[in-house]
$ cat run-v3.cif   # mmCIF, C-alpha atoms
data_model
#
loop_
_atom_site.group_PDB
_atom_site.id
_atom_site.type_symbol
_atom_site.label_atom_id
_atom_site.label_comp_id
_atom_site.auth_asym_id
_atom_site.auth_seq_id
_atom_site.Cartn_x
_atom_site.Cartn_y
_atom_site.Cartn_z
ATOM 1 C CA SER A 1 -49.256 130.963 37.267
ATOM 2 C CA SER A 2 -52.649 132.310 36.230
ATOM 3 C CA SER A 3 -51.351 135.895 35.984
ATOM 4 C CA TYR A 4 -48.626 134.738 33.573
ATOM 5 C CA LEU A 5 -51.235 132.849 31.539
ATOM 6 C CA ASN A 6 -53.493 135.921 31.472
ATOM 7 C CA GLN A 7 -50.547 138.018 30.325
ATOM 8 C CA LEU A 8 -49.898 135.574 27.477
ATOM 9 C CA LEU A 9 -53.573 135.612 26.492
ATOM 10 C CA ASP A 10 -53.657 139.421 26.599
ATOM 11 C CA ASN A 11 -50.581 139.624 24.375
ATOM 12 C CA TYR A 12 -52.116 137.129 21.972
ATOM 13 C CA GLN A 13 -55.398 139.104 21.846
ATOM 14 C CA LEU A 14 -53.466 142.313 21.186
ATOM 15 C CA ARG A 15 -51.431 140.680 18.432
ATOM 16 C CA LEU A 16 -54.601 139.279 16.909
ATOM 17 C CA ALA A 17 -56.305 142.687 17.022
ATOM 18 C CA ASN A 18 -53.266 144.338 15.410
ATOM 19 C CA ASN A 19 -53.123 141.661 12.717
ATOM 20 C CA VAL A 20 -56.807 142.164 11.922
ATOM 21 C CA LYS A 21 -56.301 145.944 11.782
ATOM 22 C CA GLU A 22 -53.226 145.558 9.546
ATOM 23 C CA ALA A 23 -55.114 143.111 7.300
ATOM 24 C CA GLU A 24 -57.921 145.669 6.896
ATOM 25 C CA VAL A 25 -55.423 148.250 5.670
ATOM 26 C CA TYR A 26 -53.802 145.706 3.277
ATOM 27 C CA GLN A 27 -57.268 145.092 1.917
ATOM 28 C CA LYS A 28 -58.019 148.808 1.394
ATOM 29 C CA VAL A 29 -54.690 149.482 -0.297
ATOM 30 C CA ASN A 30 -54.426 146.358 -2.426
ATOM 31 C CA THR A 31 -58.004 146.073 -3.672
ATOM 32 C CA THR A 32 -58.543 149.761 -4.459
ATOM 33 C CA SER A 33 -58.604 150.257 -8.203
ATOM 34 C CA PHE A 34 -57.405 153.683 -9.339
ATOM 35 C CA LEU A 35 -59.784 153.435 -12.282
ATOM 36 C CA THR A 36 -62.898 153.435 -10.065
ATOM 37 C CA LEU A 37 -61.963 156.859 -8.628
ATOM 38 C CA LYS A 38 -62.858 160.288 -10.017
ATOM 39 C CA MET A 39 -59.721 162.059 -11.238
ATOM 40 C CA LYS A 40 -58.966 165.741 -11.663
ATOM 41 C CA ALA A 41 -55.796 167.593 -12.673
ATOM 42 C CA VAL A 42 -55.237 171.158 -11.393
ATOM 43 C CA ILE A 43 -52.627 173.922 -11.240
ATOM 44 C CA ASP A 44 -51.894 174.725 -7.606
ATOM 45 C CA TRP A 45 -49.802 177.769 -8.361
ATOM 46 C CA LEU A 46 -47.339 179.125 -10.866
ATOM 47 C CA ASP A 47 -44.543 181.654 -10.560
ATOM 48 C CA LEU A 48 -44.852 184.217 -13.350
ATOM 49 C CA ARG A 49 -41.882 186.394 -14.274
ATOM 50 C CA PHE A 50 -42.604 189.665 -16.076
ATOM 51 C CA THR A 51 -40.493 192.663 -17.087
ATOM 52 C CA VAL A 52 -41.846 196.191 -16.621
ATOM 53 C CA ASP A 53 -41.436 199.173 -18.944
ATOM 54 C CA PRO A 54 -39.491 201.795 -16.893
ATOM 55 C CA ASN A 55 -41.509 204.579 -18.572
ATOM 56 C CA LEU A 56 -44.761 203.141 -17.201
ATOM 57 C CA CYS A 57 -43.492 201.658 -13.949
ATOM 58 C CA ILE A 58 -41.406 204.613 -12.811
ATOM 59 C CA PHE A 59 -41.092 203.267 -9.247
ATOM 60 C CA TYR A 60 -39.471 199.965 -10.304
ATOM 61 C CA LYS A 61 -36.233 200.800 -8.400
ATOM 62 C CA ASP A 62 -38.139 201.668 -5.221
ATOM 63 C CA PRO A 63 -37.564 199.105 -2.420
ATOM 64 C CA LYS A 64 -41.358 199.046 -2.023
ATOM 65 C CA ALA A 65 -42.003 198.394 -5.734
ATOM 66 C CA ARG A 66 -43.035 194.824 -4.993
ATOM 67 C CA SER A 67 -45.642 195.906 -2.450
ATOM 68 C CA TYR A 68 -47.117 198.447 -4.859
ATOM 69 C CA ILE A 69 -47.528 195.833 -7.597
ATOM 70 C CA LYS A 70 -48.987 193.297 -5.180
ATOM 71 C CA ALA A 71 -51.508 195.821 -3.818
ATOM 72 C CA PHE A 72 -52.474 196.870 -7.346
ATOM 73 C CA ILE A 73 -53.211 193.293 -8.437
ATOM 74 C CA THR A 74 -55.177 192.460 -5.291
ATOM 75 C CA ARG A 75 -57.198 195.664 -5.664
ATOM 76 C CA ASN A 76 -58.012 195.042 -9.320
ATOM 77 C CA THR A 77 -58.814 191.339 -9.190
ATOM 78 C CA GLY A 78 -60.850 191.734 -6.020
ATOM 79 C CA THR A 79 -59.574 188.363 -4.892
ATOM 80 C CA ARG A 80 -56.723 187.793 -2.518
ATOM 81 C CA HIS A 81 -56.485 184.129 -3.418
ATOM 82 C CA TYR A 82 -54.448 184.884 -6.536
ATOM 83 C CA ILE A 83 -51.575 185.682 -4.205
ATOM 84 C CA ALA A 84 -51.705 183.766 -0.945
ATOM 85 C CA LYS A 85 -50.760 185.775 2.134
ATOM 86 C CA ASP A 86 -47.866 183.574 3.182
ATOM 87 C CA GLU A 87 -46.381 183.303 -0.317
ATOM 88 C CA SER A 88 -47.194 186.767 -1.574
ATOM 89 C CA GLN A 89 -43.604 187.805 -2.111
ATOM 90 C CA ILE A 90 -43.057 189.317 -5.511
ATOM 91 C CA THR A 91 -39.336 188.873 -5.955
ATOM 92 C CA GLN A 92 -37.435 191.407 -7.992
ATOM 93 C CA ASP A 93 -34.451 191.339 -10.300
ATOM 94 C CA GLY A 94 -33.792 194.672 -12.052
ATOM 95 C CA MET A 95 -36.873 195.493 -14.129
ATOM 96 C CA SER A 96 -38.173 191.942 -13.762
ATOM 97 C CA PHE A 97 -40.494 190.690 -11.046
ATOM 98 C CA THR A 98 -41.736 187.197 -10.206
ATOM 99 C CA ILE A 99 -45.214 186.776 -8.811
ATOM 100 C CA ARG A 100 -46.860 183.587 -7.471
ATOM 101 C CA LEU A 101 -50.374 183.092 -8.809
ATOM 102 C CA HIS A 102 -52.753 180.732 -7.004
ATOM 103 C CA ASP A 103 -55.997 179.175 -8.210
ATOM 104 C CA VAL A 104 -55.552 179.982 -11.872
ATOM 105 C CA GLN A 105 -58.238 177.714 -13.290
ATOM 106 C CA ASN A 106 -58.504 178.805 -16.900
ATOM 107 C CA LYS A 107 -57.327 181.235 -19.573
ATOM 108 C CA LYS A 108 -59.756 183.900 -18.333
ATOM 109 C CA ASP A 109 -58.254 183.862 -14.804
ATOM 110 C CA LEU A 110 -54.775 184.147 -16.241
ATOM 111 C CA LYS A 111 -55.675 186.837 -18.792
ATOM 112 C CA LYS A 112 -57.084 188.999 -16.007
ATOM 113 C CA ILE A 113 -53.580 189.130 -14.470
ATOM 114 C CA THR A 114 -51.508 189.381 -17.658
ATOM 115 C CA ASP A 115 -53.751 192.168 -19.021
ATOM 116 C CA LEU A 116 -53.332 194.154 -15.810
ATOM 117 C CA LEU A 117 -49.544 193.792 -15.916
ATOM 118 C CA GLN A 118 -49.517 194.749 -19.585
ATOM 119 C CA LYS A 119 -51.767 197.819 -19.296
ATOM 120 C CA GLN A 120 -50.425 199.170 -16.021
ATOM 121 C CA TYR A 121 -46.724 198.380 -16.243
ATOM 122 C CA GLY A 122 -46.064 197.770 -19.948
ATOM 123 C CA ALA A 123 -45.068 194.146 -19.355
ATOM 124 C CA LYS A 124 -44.983 192.344 -22.707
ATOM 125 C CA ILE A 125 -46.821 189.028 -22.696
ATOM 126 C CA GLU A 126 -44.286 187.470 -25.068
ATOM 127 C CA LEU A 127 -41.645 188.050 -22.368
ATOM 128 C CA MET A 128 -43.715 186.595 -19.483
ATOM 129 C CA MET A 129 -42.191 183.324 -18.314
ATOM 130 C CA VAL A 130 -43.179 180.505 -15.969
ATOM 131 C CA GLU A 131 -40.366 180.167 -13.409
ATOM 132 C CA ALA A 132 -41.889 177.271 -11.436
ATOM 133 C CA ILE A 133 -45.211 175.444 -11.272
ATOM 134 C CA GLU A 134 -46.996 173.144 -8.862
ATOM 135 C CA LEU A 135 -49.345 170.630 -10.474
ATOM 136 C CA SER A 136 -51.794 168.460 -8.529
ATOM 137 C CA PHE A 137 -53.640 165.282 -9.333
ATOM 138 C CA ASP A 138 -56.701 164.559 -7.186
ATOM 139 C CA LEU A 139 -58.459 161.226 -6.711
ATOM 140 C CA TYR A 140 -61.953 161.368 -5.216
ATOM 141 C CA GLY A 141 -63.697 158.371 -3.614
ATOM 142 C CA GLY A 142 -62.520 155.304 -1.733
ATOM 143 C CA ASP A 143 -60.467 155.512 1.450
ATOM 144 C CA SER A 144 -58.211 158.507 0.771
ATOM 145 C CA SER A 145 -55.387 157.475 3.149
ATOM 146 C CA ALA A 146 -55.269 154.027 1.520
ATOM 147 C CA VAL A 147 -55.221 155.682 -1.928
ATOM 148 C CA VAL A 148 -52.291 157.912 -0.854
ATOM 149 C CA ILE A 149 -50.307 154.807 0.185
ATOM 150 C CA LYS A 150 -51.129 153.138 -3.124
ATOM 151 C CA LEU A 151 -50.056 156.275 -5.062
ATOM 152 C CA HIS A 152 -46.733 156.406 -3.204
ATOM 153 C CA LYS A 153 -46.062 152.733 -3.913
ATOM 154 C CA ALA A 154 -46.968 153.252 -7.600
ATOM 155 C CA MET A 155 -45.282 156.603 -8.329
ATOM 156 C CA GLN A 156 -42.369 156.360 -10.775
ATOM 157 C CA TYR A 157 -39.939 158.537 -8.828
ATOM 158 C CA PRO A 158 -36.866 159.633 -10.806
ATOM 159 C CA GLN A 159 -33.469 158.208 -9.914
ATOM 160 C CA THR A 160 -32.487 161.587 -8.448
ATOM 161 C CA ALA A 161 -35.407 161.588 -5.955
ATOM 162 C CA ARG A 162 -34.207 162.069 -2.370
ATOM 163 C CA LEU A 163 -35.370 162.962 1.140
ATOM 164 C CA PHE A 164 -38.265 160.504 1.323
ATOM 165 C CA ARG A 165 -40.078 161.379 4.546
ATOM 166 C CA VAL A 166 -43.355 161.932 6.387
ATOM 167 C CA TYR A 167 -44.026 165.188 8.213
ATOM 168 C CA LYS A 168 -46.848 167.209 9.705
ATOM 169 C CA THR A 169 -45.468 170.359 11.288
ATOM 170 C CA LYS A 170 -41.966 171.672 11.988
ATOM 171 C CA GLY A 171 -39.903 169.108 13.854
ATOM 172 C CA THR A 172 -42.160 166.114 13.088
ATOM 173 C CA GLN A 173 -40.196 164.854 10.093
ATOM 174 C CA ARG A 174 -39.250 161.152 10.057
ATOM 175 C CA ASP A 175 -38.644 158.282 7.635
ATOM 176 C CA ILE A 176 -41.650 156.790 5.842
ATOM 177 C CA PRO A 177 -42.645 153.692 7.846
ATOM 178 C CA GLU A 178 -42.701 150.381 5.983
ATOM 179 C CA SER A 179 -45.718 149.248 7.966
ATOM 180 C CA MET A 180 -48.953 150.022 6.112
ATOM 181 C CA GLN A 181 -50.898 150.376 9.344
ATOM 182 C CA GLU A 182 -48.390 152.842 10.805
ATOM 183 C CA LEU A 183 -48.337 154.993 7.668
ATOM 184 C CA TYR A 184 -52.129 154.806 7.364
ATOM 185 C CA ASP A 185 -52.557 156.109 10.928
ATOM 186 C CA LEU A 186 -50.101 158.952 10.260
ATOM 187 C CA LEU A 187 -51.935 159.998 7.071
ATOM 188 C CA GLN A 188 -55.262 159.878 8.920
ATOM 189 C CA GLY A 189 -53.667 162.115 11.533
ATOM 190 C CA GLY A 190 -52.742 164.785 8.973
ATOM 191 C CA TYR A 191 -49.208 163.739 7.997
ATOM 192 C CA ASN A 192 -47.850 164.248 4.456
ATOM 193 C CA ILE A 193 -45.441 162.141 2.437
ATOM 194 C CA GLY A 194 -42.716 164.384 1.026
ATOM 195 C CA VAL A 195 -39.921 163.813 -1.486
ATOM 196 C CA GLY A 196 -37.238 166.401 -2.295
ATOM 197 C CA ASP A 197 -36.419 169.852 -0.921
ATOM 198 C CA HIS A 198 -38.281 172.830 -2.438
ATOM 199 C CA ARG A 199 -35.291 175.096 -1.872
ATOM 200 C CA TYR A 200 -32.805 173.093 -3.931
ATOM 201 C CA ASP A 201 -34.445 170.338 -5.967
ATOM 202 C CA GLU A 202 -35.951 170.887 -9.401
ATOM 203 C CA PHE A 203 -38.496 168.103 -8.788
ATOM 204 C CA CYS A 204 -40.428 167.665 -5.529
ATOM 205 C CA VAL A 205 -43.430 165.521 -4.617
ATOM 206 C CA ARG A 206 -46.013 165.707 -1.859
ATOM 207 C CA LEU A 207 -48.825 163.214 -1.186
ATOM 208 C CA TYR A 208 -51.572 163.598 1.393
ATOM 209 C CA PHE A 209 -55.216 163.175 2.313
ATOM 210 C CA LYS A 210 -56.760 166.557 1.465
ATOM 211 C CA ARG A 211 -59.707 167.470 3.690
ATOM 212 C CA THR A 212 -59.187 171.205 4.289
ATOM 213 C CA ASP A 213 -58.984 174.138 1.908
ATOM 214 C CA LYS A 214 -56.798 177.245 2.003
ATOM 215 C CA GLY A 215 -56.762 178.760 5.463
ATOM 216 C CA GLY A 216 -57.600 175.376 7.005
ATOM 217 C CA GLN A 217 -61.337 175.512 6.210
ATOM 218 C CA PRO A 218 -62.800 171.969 6.439
ATOM 219 C CA LEU A 219 -64.015 170.592 3.108
ATOM 220 C CA SER A 220 -67.273 168.661 2.822
ATOM 221 C CA GLN A 221 -66.954 164.870 2.854
ATOM 222 C CA LYS A 222 -67.690 164.867 -0.890
ATOM 223 C CA GLN A 223 -64.637 167.084 -1.476
ATOM 224 C CA HIS A 224 -62.227 164.853 0.475
ATOM 225 C CA ARG A 225 -59.577 163.356 -1.775
ATOM 226 C CA ALA A 226 -56.146 161.805 -2.098
ATOM 227 C CA ARG A 227 -53.759 164.305 -3.651
ATOM 228 C CA ILE A 228 -50.342 164.030 -5.254
ATOM 229 C CA GLU A 229 -48.524 167.290 -6.067
ATOM 230 C CA ILE A 230 -45.384 167.791 -8.101
ATOM 231 C CA THR A 231 -43.388 171.019 -7.970
ATOM 232 C CA LEU A 232 -41.199 171.706 -10.999
ATOM 233 C CA LYS A 233 -38.512 174.362 -11.295
ATOM 234 C CA LYS A 234 -37.672 176.047 -14.599
ATOM 235 C CA SER A 235 -34.525 173.930 -15.140
ATOM 236 C CA ILE A 236 -36.745 170.847 -15.750
ATOM 237 C CA PHE A 237 -38.306 172.614 -18.735
ATOM 238 C CA ASP A 238 -35.076 174.249 -19.923
ATOM 239 C CA ASN A 239 -33.170 170.932 -19.925
ATOM 240 C CA GLU A 240 -35.679 169.562 -22.414
ATOM 241 C CA THR A 241 -36.012 172.865 -24.328
ATOM 242 C CA VAL A 242 -39.681 173.377 -23.483
ATOM 243 C CA ASP A 243 -40.751 176.993 -24.097
ATOM 244 C CA ARG A 244 -41.667 178.518 -20.712
ATOM 245 C CA ASN A 245 -43.571 181.482 -22.135
ATOM 246 C CA ILE A 246 -46.964 181.919 -20.468
ATOM 247 C CA LEU A 247 -48.669 181.610 -23.880
ATOM 248 C CA ASN A 248 -47.356 178.035 -23.958
ATOM 249 C CA LEU A 249 -48.992 177.107 -20.644
ATOM 250 C CA SER A 250 -51.131 174.268 -22.034
ATOM 251 C CA GLN A 251 -47.964 172.524 -23.307
ATOM 252 C CA LEU A 252 -46.143 173.204 -20.026
ATOM 253 C CA ILE A 253 -49.016 171.502 -18.171
ATOM 254 C CA LYS A 254 -48.878 168.412 -20.399
ATOM 255 C CA PHE A 255 -45.084 168.211 -20.178
ATOM 256 C CA GLY A 256 -45.115 168.725 -16.395
ATOM 257 C CA PHE A 257 -47.640 165.971 -15.773
ATOM 258 C CA LYS A 258 -45.545 163.549 -17.855
ATOM 259 C CA LYS A 259 -43.186 163.662 -14.875
ATOM 260 C CA MET A 260 -45.967 161.976 -12.896
ATOM 261 C CA GLN A 261 -46.095 158.390 -14.144
ATOM 262 C CA PHE A 262 -47.380 155.336 -12.277
ATOM 263 C CA THR A 263 -46.385 151.690 -12.074
ATOM 264 C CA LYS A 264 -47.879 148.405 -10.846
ATOM 265 C CA LEU A 265 -46.767 144.927 -9.864
ATOM 266 C CA SER A 266 -45.521 143.023 -12.916
ATOM 267 C CA LYS A 267 -46.711 139.593 -14.044
ATOM 268 C CA ARG A 268 -43.039 138.604 -13.790
ATOM 269 C CA ALA A 269 -42.969 139.178 -10.000
ATOM 270 C CA THR A 270 -41.965 136.164 -7.925
ATOM 271 C CA TYR A 271 -44.067 134.925 -5.016
ATOM 272 C CA LYS A 272 -41.670 136.613 -2.562
ATOM 273 C CA GLU A 273 -41.723 139.917 -4.497
ATOM 274 C CA LYS A 274 -45.533 139.849 -4.523
ATOM 275 C CA ASP A 275 -45.620 139.287 -0.780
ATOM 276 C CA VAL A 276 -43.342 142.285 -0.137
ATOM 277 C CA TYR A 277 -45.321 144.456 -2.562
ATOM 278 C CA TYR A 278 -48.669 143.660 -0.960
ATOM 279 C CA THR A 279 -47.584 143.914 2.673
ATOM 280 C CA ARG A 280 -44.951 146.667 2.859
ATOM 281 C CA VAL A 281 -44.664 150.345 1.985
ATOM 282 C CA LYS A 282 -41.764 151.227 -0.320
ATOM 283 C CA PRO A 283 -41.320 153.446 -3.395
ATOM 284 C CA PHE A 284 -41.500 150.354 -5.617
ATOM 285 C CA GLY A 285 -41.801 152.427 -8.807
ATOM 286 C CA GLU A 286 -38.544 154.328 -8.233
ATOM 287 C CA GLU A 287 -36.256 154.349 -11.272
ATOM 288 C CA HIS A 288 -32.858 152.660 -11.067
ATOM 289 C CA ALA A 289 -29.755 152.793 -13.219
ATOM 290 C CA SER A 290 -30.957 151.309 -16.502
ATOM 291 C CA ILE A 291 -30.341 147.638 -17.126
ATOM 292 C CA MET A 292 -30.569 145.819 -20.453
ATOM 293 C CA VAL A 293 -33.270 143.148 -20.652
ATOM 294 C CA ASN A 294 -33.708 141.414 -24.039
ATOM 295 C CA ARG A 295 -31.979 144.370 -25.739
ATOM 296 C CA HIS A 296 -34.439 146.796 -24.090
ATOM 297 C CA LYS A 297 -33.372 149.327 -21.488
ATOM 298 C CA ARG A 298 -35.261 148.987 -18.213
ATOM 299 C CA VAL A 299 -35.232 151.524 -15.405
ATOM 300 C CA LEU A 300 -37.849 149.740 -13.267
ATOM 301 C CA LEU A 301 -37.243 146.716 -11.073
ATOM 302 C CA ASN A 302 -38.063 143.393 -12.708
ATOM 303 C CA ALA A 303 -41.118 142.951 -10.452
ATOM 304 C CA ILE A 304 -42.558 146.331 -11.542
ATOM 305 C CA ALA A 305 -44.297 147.339 -14.776
ATOM 306 C CA THR A 306 -45.776 150.551 -16.192
ATOM 307 C CA ASN A 307 -49.423 151.075 -15.208
ATOM 308 C CA GLY A 308 -50.726 151.808 -18.709
ATOM 309 C CA ALA A 309 -54.433 152.059 -17.889
ATOM 310 C CA PHE A 310 -53.951 154.450 -14.975
ATOM 311 C CA ASN A 311 -51.433 156.606 -16.857
ATOM 312 C CA GLU A 312 -53.910 156.902 -19.727
ATOM 313 C CA ALA A 313 -56.768 157.902 -17.384
ATOM 314 C CA LYS A 314 -54.476 160.526 -15.858
ATOM 315 C CA ARG A 315 -53.497 161.775 -19.332
ATOM 316 C CA LEU A 316 -57.171 162.393 -20.169
ATOM 317 C CA ALA A 317 -57.661 164.379 -16.931
ATOM 318 C CA VAL A 318 -54.546 166.421 -17.792
ATOM 319 C CA LYS A 319 -55.815 167.020 -21.344
ATOM 320 C CA ALA A 320 -59.069 168.421 -19.899
ATOM 321 C CA LEU A 321 -57.017 170.872 -17.775
ATOM 322 C CA ALA A 322 -54.664 171.870 -20.637
ATOM 323 C CA GLN A 323 -57.654 172.640 -22.882
ATOM 324 C CA LYS A 324 -58.780 175.364 -20.466
ATOM 325 C CA PHE A 325 -55.633 177.317 -21.409
#
$ encode --input "run-v3.cif" --output "structure tokens"
Amino acid sequence: SSSYLNQLLDNYQLRLANNVKEAEVYQKVNTTSFLTLKMKAVIDWLDLRFTVDPNLCIFYKDPKARSYIKAFITRNTGTRHYIAKDESQITQDGMSFTIRLHDVQNKKDLKKITDLLQKQYGAKIELMMVEAIELSFDLYGGDSSAVVIKLHKAMQYPQTARLFRVYKTKGTQRDIPESMQELYDLLQGGYNIGVGDHRYDEFCVRLYFKRTDKGGQPLSQKQHRARIEITLKKSIFDNETVDRNILNLSQLIKFGFKKMQFTKLSKRATYKEKDVYYTRVKPFGEEHASIMVNRHKRVLLNAIATNGAFNEAKRLAVKALAQKF
């Protein structure tokens, strides 16, 4: 019947439209070159642990001691953004406190805080330690949602990485779709890709299309970017005997960003492997139990290779950040 024929034609049109849409996303993801994008490395926040001198900080045992210290720092820096409202908890342990510092962009920003803690509370700088740090790598230009997909496919996730998911708000968490179009639409709609649990894991990753600033203020089009963040707990540094003293921050930055390495499709990839790589979303760069290939240990799949050029460009952006400290 004609209605059946029309139905078939409609379905065909729809499939065609979806295929065209999907092909457009393949194009954006697969032809984007990381090296054509502007790159910037930043510290999102760091948790600083300091120990007070009980002769100078006589209220250290007071249940409100944390609030007093927080108020003092906010008052003296004149900027609330050092300690974001929702994460402003200064946690306490005896005479030691841990404070989360946001937007520390250089040595001067940091010195403002450490000097205050030293003068007011007798906290010795040589005893100030970084308990955790969140490092971000921003890529400006291109189609940011496509760049986020490309970053996820290229990221060399450690073997221990778990809880791969997309989420937007509470209760929206789900598995990362393998369809590029589906993931692209989610990212455009404000979803994040997340890996790991901040409460328990020493290494967590978040990728998203950044178009708002703190407090949800929209950023100008020029400031839109693809962002990948890694959150590192102190055990990551301690396991490799990296000194966590705040005076060693430039080295901590370099070491931390080494945990963010990227891969690409290898020349060894078969036709089938290439097809999967170009058309699906998977954490292709994830490390696996090491296998011996020609007497060399390999942790990457045979179809995947290290992305030397991109890793080097990232290293230079990280060096520029480390030099500010």
$ residues_around --input "run-v3.cif" --residues "A:Ile73" --least-positions-apart "3" --cutoff "8 Å" --atoms "all atoms listed in the file" --output "ChimeraX atom specification"
/A:69-70,76-77,113,116
$ resolve_selection --input "run-v3.cif" --expression "the PyMOL selection byres ((chain A and resi 311) around 12)" --output "PyMOL selection string"
chain A and resi 34-35+39+137+151+154-156+257-264+305-310+312-318
$ resolve_selection --input "run-v3.cif" --expression "the PyMOL selection byres ((chain A and resi 182-190) around 8)" --output "mmCIF file with C-alpha atoms, in the frame of the given file"
data_model
loop_
_atom_site.group_PDB
_atom_site.id
_atom_site.type_symbol
_atom_site.label_atom_id
_atom_site.label_comp_id
_atom_site.auth_asym_id
_atom_site.auth_seq_id
_atom_site.Cartn_x
_atom_site.Cartn_y
_atom_site.Cartn_z
ATOM 1 C CA VAL A 25 -55.423 148.250 5.670
ATOM 2 C CA SER A 145 -55.387 157.475 3.149
ATOM 3 C CA ALA A 146 -55.269 154.027 1.520
ATOM 4 C CA ILE A 149 -50.307 154.807 0.185
ATOM 5 C CA LYS A 168 -46.848 167.209 9.705
ATOM 6 C CA ILE A 176 -41.650 156.790 5.842
ATOM 7 C CA PRO A 177 -42.645 153.692 7.846
ATOM 8 C CA GLU A 178 -42.701 150.381 5.983
ATOM 9 C CA SER A 179 -45.718 149.248 7.966
ATOM 10 C CA MET A 180 -48.953 150.022 6.112
ATOM 11 C CA GLN A 181 -50.898 150.376 9.344
ATOM 12 C CA TYR A 191 -49.208 163.739 7.997
ATOM 13 C CA ASN A 192 -47.850 164.248 4.456
ATOM 14 C CA TYR A 208 -51.572 163.598 1.393
ATOM 15 C CA PHE A 209 -55.216 163.175 2.313
#
$ closest_residue --input "run-v3.cif" --among "A:Lys21, A:Glu131, A:Phe237, A:Lys61" --to "A:Gln251" --atoms "all atoms listed in the file"
A:Phe237
$ axis_aligned_box --input "run-v3.cif" --around "stretch 52-65 of chain A" --padding-each-side "5 Å" --output "lines of an AutoDock Vina configuration file"
center_x = -40.5
center_y = 200.4
center_z = -10.5
size_x = 18.5
size_y = 18.4
size_z = 26.9
